[in-house]
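Text of the file run07.tsv, holding TSV, C-alpha atoms and all ligand atoms:
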chain	number	residue	atom	x	y	z
A	110	ALA	CA	0.00	0.00	0.00
A	111	PRO	CA	1.34	3.45	-0.87
A	112	GLY	CA	0.21	4.98	2.43
A	113	ARG	CA	-2.26	7.73	3.15
A	114	ILE	CA	-3.33	10.13	0.38
A	115	ALA	CA	-4.31	13.68	1.36
A	116	PHE	CA	-6.65	14.80	-1.44
A	117	LEU	CA	-7.01	18.59	-1.45
A	118	GLY	CA	-9.52	20.37	-3.68
A	119	LEU	CA	-12.81	18.48	-3.85
A	120	GLY	CA	-14.46	20.40	-6.69
A	121	HIS	CA	-16.04	19.20	-9.94
A	122	MET	CA	-12.99	17.09	-10.78
A	123	GLY	CA	-11.41	16.42	-7.39
A	124	GLU	CA	-14.40	14.89	-5.68
A	125	PRO	CA	-15.04	12.09	-8.20
A	126	MET	CA	-11.29	11.45	-8.52
A	127	ALA	CA	-10.94	11.10	-4.74
A	128	VAL	CA	-13.97	8.83	-4.59
A	129	ASN	CA	-12.46	6.57	-7.27
A	130	LEU	CA	-9.25	6.25	-5.22
A	131	LEU	CA	-11.30	5.41	-2.15
A	132	LYS	CA	-13.34	2.79	-4.04
A	133	ALA	CA	-10.09	1.20	-5.24
A	134	GLY	CA	-9.11	0.65	-1.61
A	135	PHE	CA	-6.69	3.51	-1.01
A	136	ASP	CA	-6.53	5.33	2.33
A	137	VAL	CA	-7.78	8.78	1.33
A	138	VAL	CA	-8.45	11.87	3.46
A	139	GLY	CA	-10.03	14.84	1.70
A	140	PHE	CA	-10.08	18.56	2.36
A	141	ASP	CA	-11.56	21.63	0.68
A	142	VAL	CA	-11.77	25.25	1.84
A	143	VAL	CA	-15.45	25.38	0.82
A	144	PRO	CA	-17.64	23.65	3.44
A	145	ALA	CA	-20.24	22.64	0.82
A	146	ALA	CA	-17.57	20.74	-1.10
A	147	VAL	CA	-16.54	18.92	2.08
A	148	ALA	CA	-20.17	18.11	2.84
A	149	ALA	CA	-20.73	16.68	-0.66
A	150	ALA	CA	-17.55	14.59	-0.44
A	151	THR	CA	-18.49	13.32	3.02
A	152	ALA	CA	-21.91	12.34	1.71
A	153	ALA	CA	-20.15	10.41	-1.08
A	154	GLY	CA	-18.30	8.42	1.62
A	155	LEU	CA	-14.96	10.26	1.68
A	156	PRO	CA	-13.39	10.83	5.11
A	157	CYS	CA	-12.46	14.53	5.38
A	158	ALA	CA	-10.13	16.57	7.60
A	159	THR	CA	-11.01	19.97	9.04
A	160	THR	CA	-7.82	21.67	7.81
A	161	ALA	CA	-5.36	21.09	4.99
A	162	ALA	CA	-2.57	20.63	7.55
A	163	GLU	CA	-4.55	17.93	9.35
A	164	ALA	CA	-5.03	16.08	6.04
A	165	ALA	CA	-1.32	16.33	5.17
A	166	THR	CA	-0.02	15.28	8.58
A	167	GLY	CA	1.06	11.67	8.20
A	168	ALA	CA	0.30	11.61	4.47
A	169	ALA	CA	2.58	9.74	2.06
A	170	ILE	CA	1.05	11.56	-0.90
A	171	VAL	CA	-0.44	15.05	-1.14
A	172	LEU	CA	-2.64	15.18	-4.24
A	173	THR	CA	-4.03	18.59	-5.25
A	174	MET	CA	-6.81	19.55	-7.66
A	175	PHE	CA	-6.96	23.36	-7.41
A	176	PRO	CA	-8.16	26.21	-9.62
A	177	SER	CA	-4.75	27.90	-10.05
A	178	GLY	CA	-1.01	27.87	-9.49
A	179	ALA	CA	-1.18	30.83	-7.10
A	180	ILE	CA	-3.45	28.81	-4.82
A	181	LEU	CA	-1.11	25.83	-5.06
A	182	LEU	CA	1.98	27.87	-4.15
A	183	ASP	CA	0.15	29.49	-1.21
A	184	ALA	CA	-0.93	26.07	0.06
A	185	TYR	CA	2.60	24.65	-0.28
A	186	ARG	CA	4.26	27.61	1.48
A	187	GLY	CA	1.45	28.43	3.91
A	188	VAL	CA	0.00	31.90	4.24
A	189	ASP	CA	-0.71	32.51	7.94
A	190	THR	CA	-0.39	28.88	9.02
A	191	PRO	CA	2.42	26.39	8.31
A	192	GLY	CA	2.30	25.22	4.69
A	193	LEU	CA	1.84	21.69	3.39
A	194	LEU	CA	5.56	21.36	2.66
A	195	GLU	CA	6.30	21.96	6.33
A	196	VAL	CA	3.67	19.68	7.86
A	197	ALA	CA	4.02	16.67	5.53
A	198	PRO	CA	6.49	13.94	6.55
A	199	PRO	CA	9.85	13.92	4.71
A	200	ASN	CA	9.87	12.48	1.20
A	201	THR	CA	6.13	12.95	0.66
A	202	LEU	CA	5.07	12.82	-2.99
A	203	PHE	CA	3.42	16.13	-3.91
A	204	LEU	CA	1.28	15.26	-6.91
A	205	ASP	CA	-0.51	18.21	-8.48
A	206	CYS	CA	-3.25	17.39	-11.00
A	207	SER	CA	-4.52	20.97	-11.43
A	208	THR	CA	-4.01	22.84	-14.70
A	209	ILE	CA	-1.61	25.66	-13.82
A	210	ASP	CA	1.05	27.93	-15.25
A	211	VAL	CA	4.18	26.06	-16.38
A	212	ALA	CA	6.49	28.46	-14.53
A	213	GLN	CA	4.45	28.06	-11.33
A	214	ALA	CA	4.50	24.27	-11.71
A	215	ARG	CA	8.30	24.37	-11.93
A	216	GLU	CA	8.45	26.70	-8.92
A	217	ALA	CA	6.19	24.36	-6.93
A	218	ALA	CA	8.45	21.42	-7.78
A	219	GLU	CA	11.58	23.35	-6.74
A	220	LEU	CA	10.00	24.27	-3.41
A	221	ALA	CA	8.91	20.68	-2.76
A	222	LEU	CA	12.34	19.26	-3.60
A	223	ALA	CA	14.10	21.90	-1.49
A	224	ALA	CA	11.86	20.91	1.45
A	225	GLY	CA	12.97	17.28	1.13
A	226	HIS	CA	9.92	16.00	-0.74
A	227	ARG	CA	9.20	14.60	-4.20
A	228	SER	CA	7.05	16.36	-6.78
A	229	ALA	CA	5.09	15.69	-9.95
A	230	ASP	CA	2.70	17.63	-12.15
A	231	ALA	CA	-0.04	15.55	-13.76
A	232	PRO	CA	-2.74	17.72	-15.34
A	233	VAL	CA	-5.65	15.91	-16.93
A	234	SER	CA	-7.94	15.99	-19.87
A	235	GLY	CA	-11.29	14.27	-20.08
A	236	GLY	CA	-13.45	16.58	-17.97
A	237	VAL	CA	-15.94	15.72	-15.27
A	238	VAL	CA	-17.25	12.76	-17.27
A	239	GLY	CA	-13.75	11.28	-17.42
A	240	ALA	CA	-13.16	12.01	-13.72
A	241	GLU	CA	-16.34	10.15	-12.76
A	242	ALA	CA	-15.69	7.21	-15.09
A	243	GLY	CA	-11.98	6.96	-14.19
A	244	THR	CA	-11.00	7.46	-17.84
A	245	LEU	CA	-8.92	10.65	-17.63
A	246	THR	CA	-5.75	11.20	-19.62
A	247	PHE	CA	-2.82	12.31	-17.42
A	248	MET	CA	0.16	14.25	-18.80
A	249	ILE	CA	2.98	13.77	-16.33
A	250	GLY	CA	6.09	15.76	-15.48
A	251	ALA	CA	8.12	13.79	-12.92
A	252	ASP	CA	11.38	12.08	-12.11
A	253	ALA	CA	11.44	8.68	-13.80
A	254	SER	CA	12.16	7.12	-10.41
A	255	ASP	CA	8.75	8.26	-9.13
A	256	MET	CA	6.77	6.95	-12.09
A	257	ASP	CA	5.98	3.53	-10.58
A	258	GLN	CA	4.28	5.05	-7.55
A	259	ILE	CA	2.54	7.69	-9.65
A	260	THR	CA	1.27	5.07	-12.10
A	261	VAL	CA	-0.35	3.00	-9.35
A	262	LEU	CA	-2.42	6.02	-8.33
A	263	LEU	CA	-3.22	7.55	-11.67
A	264	GLU	CA	-4.26	4.25	-13.24
A	265	VAL	CA	-7.22	4.25	-10.86
A	266	MET	CA	-8.42	7.65	-12.08
A	267	GLY	CA	-7.40	7.49	-15.71
A	268	LYS	CA	-6.92	5.22	-18.67
A	269	LYS	CA	-4.07	6.93	-20.49
A	270	LEU	CA	-0.85	8.11	-18.84
A	271	VAL	CA	1.90	9.92	-20.74
A	272	HIS	CA	5.21	10.61	-19.00
A	273	CYS	CA	6.16	13.83	-20.81
A	274	GLY	CA	9.45	14.57	-19.07
A	275	GLU	CA	10.80	16.33	-15.98
A	276	HIS	CA	8.91	18.65	-13.63
A	277	GLY	CA	6.60	21.01	-15.52
A	278	ALA	CA	6.55	18.85	-18.66
A	279	GLY	CA	2.99	17.66	-17.99
A	280	GLN	CA	1.70	21.23	-17.78
A	281	ALA	CA	3.71	22.15	-20.87
A	282	ALA	CA	2.13	19.33	-22.89
A	283	LYS	CA	-1.35	20.21	-21.65
A	284	ILE	CA	-1.20	23.85	-22.71
A	285	CYS	CA	0.43	23.10	-26.07
A	286	ASN	CA	-2.40	20.65	-26.82
A	287	ASN	CA	-5.12	23.00	-25.66
A	288	MET	CA	-3.68	25.94	-27.57
A	289	LEU	CA	-3.89	23.84	-30.74
A	290	LEU	CA	-7.42	22.76	-29.80
A	291	GLY	CA	-8.57	26.36	-29.26
A	292	ILE	CA	-7.09	27.44	-32.59
A	293	SER	CA	-8.50	24.47	-34.50
A	294	MET	CA	-12.01	24.96	-33.10
A	295	ILE	CA	-12.05	28.57	-34.25
A	296	GLY	CA	-10.85	27.39	-37.66
A	297	ALA	CA	-13.52	24.70	-37.82
A	298	ALA	CA	-16.24	27.16	-36.85
A	299	GLU	CA	-15.09	29.70	-39.45
A	300	ALA	CA	-15.08	26.97	-42.10
A	301	PHE	CA	-18.65	25.90	-41.29
A	302	VAL	CA	-19.94	29.50	-41.29
A	303	LEU	CA	-18.21	30.15	-44.62
A	304	GLY	CA	-19.80	26.94	-45.93
A	305	GLU	CA	-23.21	28.18	-44.80
A	306	LYS	CA	-22.68	31.48	-46.64
A	307	LEU	CA	-21.62	29.57	-49.75
A	308	GLY	CA	-24.73	27.38	-49.62
A	309	LEU	CA	-23.08	24.14	-48.49
A	310	SER	CA	-24.98	21.78	-46.20
A	311	HIS	CA	-23.33	20.96	-42.89
A	312	GLN	CA	-23.37	17.28	-43.80
A	313	ALA	CA	-21.70	17.81	-47.17
A	314	LEU	CA	-18.91	19.90	-45.66
A	315	TYR	CA	-18.51	17.42	-42.79
A	316	ASP	CA	-18.26	14.49	-45.22
A	317	VAL	CA	-15.44	16.26	-47.04
A	318	ILE	CA	-13.48	17.63	-44.05
A	319	SER	CA	-13.71	14.41	-42.04
A	320	THR	CA	-12.02	12.46	-44.81
A	321	ALA	CA	-9.80	15.22	-46.21
A	322	SER	CA	-6.82	17.23	-45.02
A	323	GLY	CA	-8.82	19.55	-42.74
A	324	GLN	CA	-9.68	16.60	-40.50
A	325	CYS	CA	-9.30	17.31	-36.78
A	326	TRP	CA	-10.88	16.51	-33.37
A	327	ALA	CA	-12.75	19.84	-33.40
A	328	VAL	CA	-14.68	18.58	-36.44
A	329	THR	CA	-14.87	14.79	-36.09
A	330	THR	CA	-15.60	14.59	-32.33
A	331	ASN	CA	-16.76	18.02	-31.17
A	332	CYS	CA	-18.32	19.24	-34.42
A	333	PRO	CA	-19.53	22.86	-33.88
A	334	VAL	CA	-22.71	22.34	-35.94
A	335	PRO	CA	-25.55	19.95	-35.01
A	336	GLY	CA	-26.17	16.86	-37.14
A	337	PRO	CA	-23.00	15.23	-38.47
A	338	VAL	CA	-21.67	14.09	-35.05
A	339	PRO	CA	-24.77	13.37	-32.90
A	340	THR	CA	-22.81	13.35	-29.61
A	341	SER	CA	-21.21	16.79	-30.09
A	342	PRO	CA	-22.35	19.65	-27.77
A	343	ALA	CA	-23.83	21.53	-30.77
A	344	ASN	CA	-26.69	18.99	-30.65
A	345	ARG	CA	-27.64	20.03	-27.11
A	346	ASP	CA	-27.41	23.80	-27.44
A	347	TYR	CA	-23.73	23.81	-26.44
A	348	VAL	CA	-24.09	22.40	-22.94
A	349	PRO	CA	-20.44	21.44	-22.14
A	350	GLY	CA	-18.41	19.38	-22.85
A	351	PHE	CA	-15.49	21.66	-22.35
A	352	ALA	CA	-16.64	25.02	-21.02
A	353	GLY	CA	-15.60	28.34	-22.56
A	354	ALA	CA	-14.25	29.51	-19.18
A	355	LEU	CA	-11.82	26.59	-19.04
A	356	MET	CA	-10.66	27.14	-22.62
A	357	ALA	CA	-10.12	30.82	-21.81
A	358	LYS	CA	-8.13	29.81	-18.71
A	359	ASP	CA	-5.94	27.33	-20.57
A	360	LEU	CA	-5.26	29.77	-23.41
A	361	GLY	CA	-4.27	32.37	-20.81
A	362	LEU	CA	-1.69	29.89	-19.49
A	363	ALA	CA	-0.50	29.26	-23.05
A	364	LEU	CA	-0.16	33.01	-23.54
A	365	ASN	CA	2.02	33.29	-20.42
A	366	ALA	CA	4.23	30.50	-21.72
A	367	LEU	CA	4.47	32.07	-25.19
A	368	GLU	CA	5.55	35.34	-23.60
A	369	ASN	CA	8.02	33.69	-21.21
A	370	THR	CA	9.66	31.74	-24.02
A	371	GLY	CA	9.56	34.45	-26.69
A	372	VAL	CA	7.81	32.28	-29.27
A	373	SER	CA	6.66	34.32	-32.23
A	374	ALA	CA	3.11	32.98	-32.26
A	375	GLN	CA	0.18	34.84	-33.79
A	376	LEU	CA	-2.75	32.44	-33.62
A	377	GLY	CA	-2.28	31.37	-29.98
A	378	PRO	CA	-2.58	34.92	-28.61
A	379	LEU	CA	-5.49	35.62	-30.97
A	380	ALA	CA	-7.30	32.47	-29.83
A	381	ALA	CA	-6.68	33.50	-26.20
A	382	GLN	CA	-8.27	36.88	-26.88
A	383	ILE	CA	-11.22	35.37	-28.76
A	384	TYR	CA	-12.00	32.88	-25.98
A	385	ARG	CA	-11.51	35.47	-23.21
A	386	GLN	CA	-14.19	37.60	-24.89
A	387	PHE	CA	-16.45	34.58	-25.52
A	388	SER	CA	-16.16	33.58	-21.87
A	389	ASP	CA	-16.78	37.12	-20.56
A	390	GLU	CA	-19.79	37.68	-22.80
A	391	GLY	CA	-21.94	34.67	-21.90
A	392	GLY	CA	-19.87	31.72	-23.11
A	393	ALA	CA	-18.22	30.83	-19.78
A	394	GLY	CA	-20.64	27.99	-19.09
A	395	ARG	CA	-21.21	26.97	-22.71
A	396	ASP	CA	-19.15	24.48	-24.67
A	397	PHE	CA	-16.21	26.17	-26.38
A	398	SER	CA	-17.58	25.08	-29.79
A	399	GLY	CA	-20.34	27.66	-29.17
A	400	ILE	CA	-17.81	30.16	-30.55
A	401	ILE	CA	-19.51	29.44	-33.90
A	402	THR	CA	-22.58	31.36	-32.71
A	403	GLU	CA	-20.42	34.48	-32.23
A	404	ILE	CA	-18.89	34.11	-35.69
A	405	ARG	CA	-22.38	33.83	-37.23
A	406	LYS	CA	-23.59	36.84	-35.25
A	407	ASN	CA	-20.63	38.92	-36.41
A	408	SER	CA	-21.29	37.76	-39.99
A	409	GLY	CA	-24.81	39.18	-39.99
A	410	ASN	CA	-26.54	35.79	-39.68
A	501	LIG	P1	-13.43	23.51	-9.09
A	501	LIG	O1	-13.38	24.97	-8.93
A	501	LIG	O2	-14.75	22.82	-9.21
A	501	LIG	O3	-12.63	22.80	-7.88
A	501	LIG	C1	-11.49	23.35	-7.26
A	501	LIG	C2	-11.69	23.15	-5.76
A	501	LIG	O4	-10.51	23.56	-5.06
A	501	LIG	C3	-12.84	23.98	-5.20
A	501	LIG	O5	-13.77	23.14	-4.55
A	501	LIG	C4	-12.15	24.94	-4.22
A	501	LIG	O6	-12.93	25.27	-3.10
A	501	LIG	C5	-10.93	24.11	-3.84
A	501	LIG	N1	-9.85	24.89	-3.22
A	501	LIG	C6	-9.39	26.12	-3.56
A	501	LIG	N2	-8.38	26.47	-2.75
A	501	LIG	C7	-8.18	25.44	-1.89
A	501	LIG	C8	-7.26	25.19	-0.83
A	501	LIG	N3	-6.32	26.09	-0.50
A	501	LIG	N4	-7.36	24.03	-0.14
A	501	LIG	C9	-8.32	23.12	-0.46
A	501	LIG	N5	-9.20	23.30	-1.47
A	501	LIG	C10	-9.12	24.44	-2.17
A	501	LIG	O7	-12.52	23.18	-10.37
A	501	LIG	P2	-12.50	21.82	-11.22
A	501	LIG	O8	-13.42	21.95	-12.37
A	501	LIG	O9	-12.60	20.67	-10.30
A	501	LIG	O10	-11.02	21.91	-11.82
A	501	LIG	C11	-9.87	21.65	-11.01
A	501	LIG	C12	-8.64	21.76	-11.89
A	501	LIG	O11	-8.72	20.83	-12.96
A	501	LIG	C13	-8.48	23.14	-12.53
A	501	LIG	O12	-7.12	23.48	-12.50
A	501	LIG	C14	-8.99	22.94	-13.94
A	501	LIG	O13	-8.39	23.82	-14.87
A	501	LIG	C15	-8.59	21.50	-14.20
A	501	LIG	N6	-9.42	20.80	-15.19
A	501	LIG	C16	-10.77	20.88	-15.14
A	501	LIG	C17	-11.53	20.20	-16.07
A	501	LIG	C18	-13.05	20.28	-16.04
A	501	LIG	O14	-13.69	19.84	-17.00
A	501	LIG	N7	-13.66	20.78	-14.97
A	501	LIG	C19	-10.92	19.47	-17.08
A	501	LIG	C20	-9.52	19.37	-17.10
A	501	LIG	C21	-8.78	20.05	-16.13

Produce structure tokens that represent the structure in this file.
Amino acid sequence: APGRIAFLGLGHMGEPMAVNLLKAGFDVVGFDVVPAAVAAATAAGLPCATTAAEAATGAAIVLTMFPSGAILLDAYRGVDTPGLLEVAPPNTLFLDCSTIDVAQAREAAELALAAGHRSADAPVSGGVVGAEAGTLTFMIGADASDMDQITVLLEVMGKKLVHCGEHGAGQAAKICNNMLLGISMIGAAEAFVLGEKLGLSHQALYDVISTASGQCWAVTTNCPVPGPVPTSPANRDYVPGFAGALMAKDLGLALNALENTGVSAQLGPLAAQIYRQFSDEGGAGRDFSGIITEIRKNSGN
């Protein structure tokens, strides 16, 4: 047995992930700063601590599923109370599954290692559905020597694990993928609106793109128009799926990384701006493929 897991951050993703670990027989203690999240997790059968420090005391693994890197760094260092790095026993594995800034992920790893612990970043894709079903994809940045222990845990919550490299590499892979996804969805939506203007049926354009060189996930799985792919969010008025707010967040992280590295990108920053506006103007809770509605509106349709 790997020892006790302190699972911090019992939100949309964290709660079902923690419950899956519990069901698989692991010793899990949860904690969240929001009492309603603790109450929901407790009702789902998860034992919960009353403070983060209480959860981390005696833990072999501290697993976090937080909204941001700033929150993670505050929790590691401690704000007014001793931080997790101080209260956890030596050599604890700090496994962060949140989606955060690459630079902050590297900083978190440095702090953990300097405090005598081990560290890994393992952001996910697959959403709440994947978290509940235990079918997430994990992108992992970690020392190779920690991969056996990490695999035992993540296999319970996911079905595909990719070891991307050293600390921060998981976050790097996640934002590169999601930057491409954001760009390709805008491209797919523009292509379908242009097709509409040119008198093409959605099905005809789908039949061509899905078997031609424009083929991509944004079209063949998450098609922004209803009809050709019956399971895509377009068929249910853009109920997510992958919410606009999360795409805007991930593209913001990509933008930080583009700026930090000096990459001469044009489409990534533009996609970040387009999804920030979409999210701020009503798209936050809609599937990101709903961007097509904005393009139609701006095209006088
Ligand atoms: P969420 O807001 O539902 O959950 C985050 C939880 O963390 C909240 O319950 C919050 O109260 C808690 N929290 C904040 N600060 C805390 C602290 N100091 N100690 C303990 N708990 C604290 O968010 P979510 O949808 O579960 O997403 C979590 C992470 O996973 C995010 O980084 C997100 O980008 C990423 N992600 C989400 C999805 C998705 O579909 N929801 C998909 C992939 C990745």

Which chains and residue numbers are within 7 Å of ligand LIG 501 (chain A), counting all atoms listed in the file, if I want them as number ranges by chain? A: 117-123, 140-143, 146, 161, 174-177, 180-181, 184, 206-209, 232-237, 351, 355

Taking 2 positions as the minimum chain separation for residues in the same chain, which residues sit within 10 Å of Asn287 (chain A) when counting all atoms listed in the file? Answer as number ranges by chain. A: 234, 282-285, 289-293, 356, 359-360, 362-363, 377

Please measure the separation of CA of Met294 (chain A) and CA of Met126 (chain A), giving the value in Å to one decimal.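 Pair CA of Met294 (chain A) / CA of Met126 (chain A) returns 28.1 Å.
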
Among the residues A:Asp136, A:Gly336, A:Ala366, A:Val261, the one that comes closest to Ala214 (chain A) [using all atoms listed in the file]: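 The answer is A:Ala366, which sits nearest to Ala214 (chain A).
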
Scan for residues within 7 Å of the point (4.2, 15.2, -10.7) in the coordinates of the file, using only C-alpha atoms, and reply as JSON, numbers by chain. {"A": [203, 204, 205, 228, 229, 230, 231, 249, 250, 251, 276]}

Can you tell me, as a list in words, what residues are no more than 10 Å from Ala374 (chain A) when counting only C-alpha atoms, ignoring any on the same chain fewer than 6 positions away?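 These residues fall inside the cut-off: Leu364, Leu367 and Glu368 of chain A.
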
Residues at most 8 Å from Leu194 (chain A), counting only C-alpha atoms, excluding those fewer than 6 positions away in the same chain, as a count of residues only? 5

Rank A:Thr260, A:Asn331, A:Ser310, A:Gln280 by their smallest atom-to-atom distance to Ala297 (chain A), using only C-alpha atoms, and report the top residue only.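 When distances to Ala297 (chain A) are compared using only C-alpha atoms, the smallest one comes from A:Asn331.
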
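The shell of residues at most 9 Å from Arg405 (chain A), with all atoms listed in the file counted and near chain neighbours (fewer than 4 positions) removed, consists of Glu299, Val302, Ile400, Ile401, Gly409 and Asn410 of chain A.
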
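Within a radius of 9 Å around (-13.8, 21.8, 10.1), the polymer residues are Pro144, Val147, Cys157, Ala158, Thr159 and Thr160 of chain A, counting all atoms listed in the file.
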
Rounded to one decimal, what separation in Å do you get between CA of Ala380 (chain A) and CA of Tyr347 (chain A)? 18.9 Å

Point-to-point distance in Å for CA of Leu193 (chain A) and CA of Ala162 (chain A):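 Atom-to-atom, CA of Ala162 (chain A) to CA of Leu193 (chain A), that is 6.2 Å.
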
Between A:Ile259, A:Met266, A:Leu172, A:Val188, which one has atoms that come closest to Thr244 (chain A), using only C-alpha atoms?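 Closest to Thr244 (chain A), using only C-alpha atoms: A:Met266.
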
Taking only C-alpha atoms into account, which of A:Ala354, A:Val328, A:Ala150, A:Leu220 comes nearest Asp389 (chain A)? A:Ala354

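Of the residues listed (A:Leu270, A:Val138, A:Leu131, A:Ala313), A:Leu270 shows the shortest atom-to-atom separation from Thr246 (chain A); distances use all atoms listed in the file.
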
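Using only C-alpha atoms, the residues found no farther than 9 Å from Gly361 (chain A), other than those of its own chain fewer than 3 positions away, are Asp210, Met356, Ala357, Lys358, Leu364, Asn365, Ala366, Pro378, Ala381, Gln382 and Arg385 of chain A.
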
Counting only C-alpha atoms, which residue out of A:Ser322, A:Thr402, A:Gln386, A:Gln375 sits closest to Ala343 (chain A)?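 When distances to Ala343 (chain A) are compared using only C-alpha atoms, the smallest one comes from A:Thr402.
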
Listed atoms of region 214-219 of chain A boxed axis-aligned with 3 Å per side, centre + edges as lines of an AutoDock Vina configuration file:
center_x = 8.0
center_y = 24.1
center_z = -9.3
size_x = 13.1
size_y = 11.3
size_z = 11.2
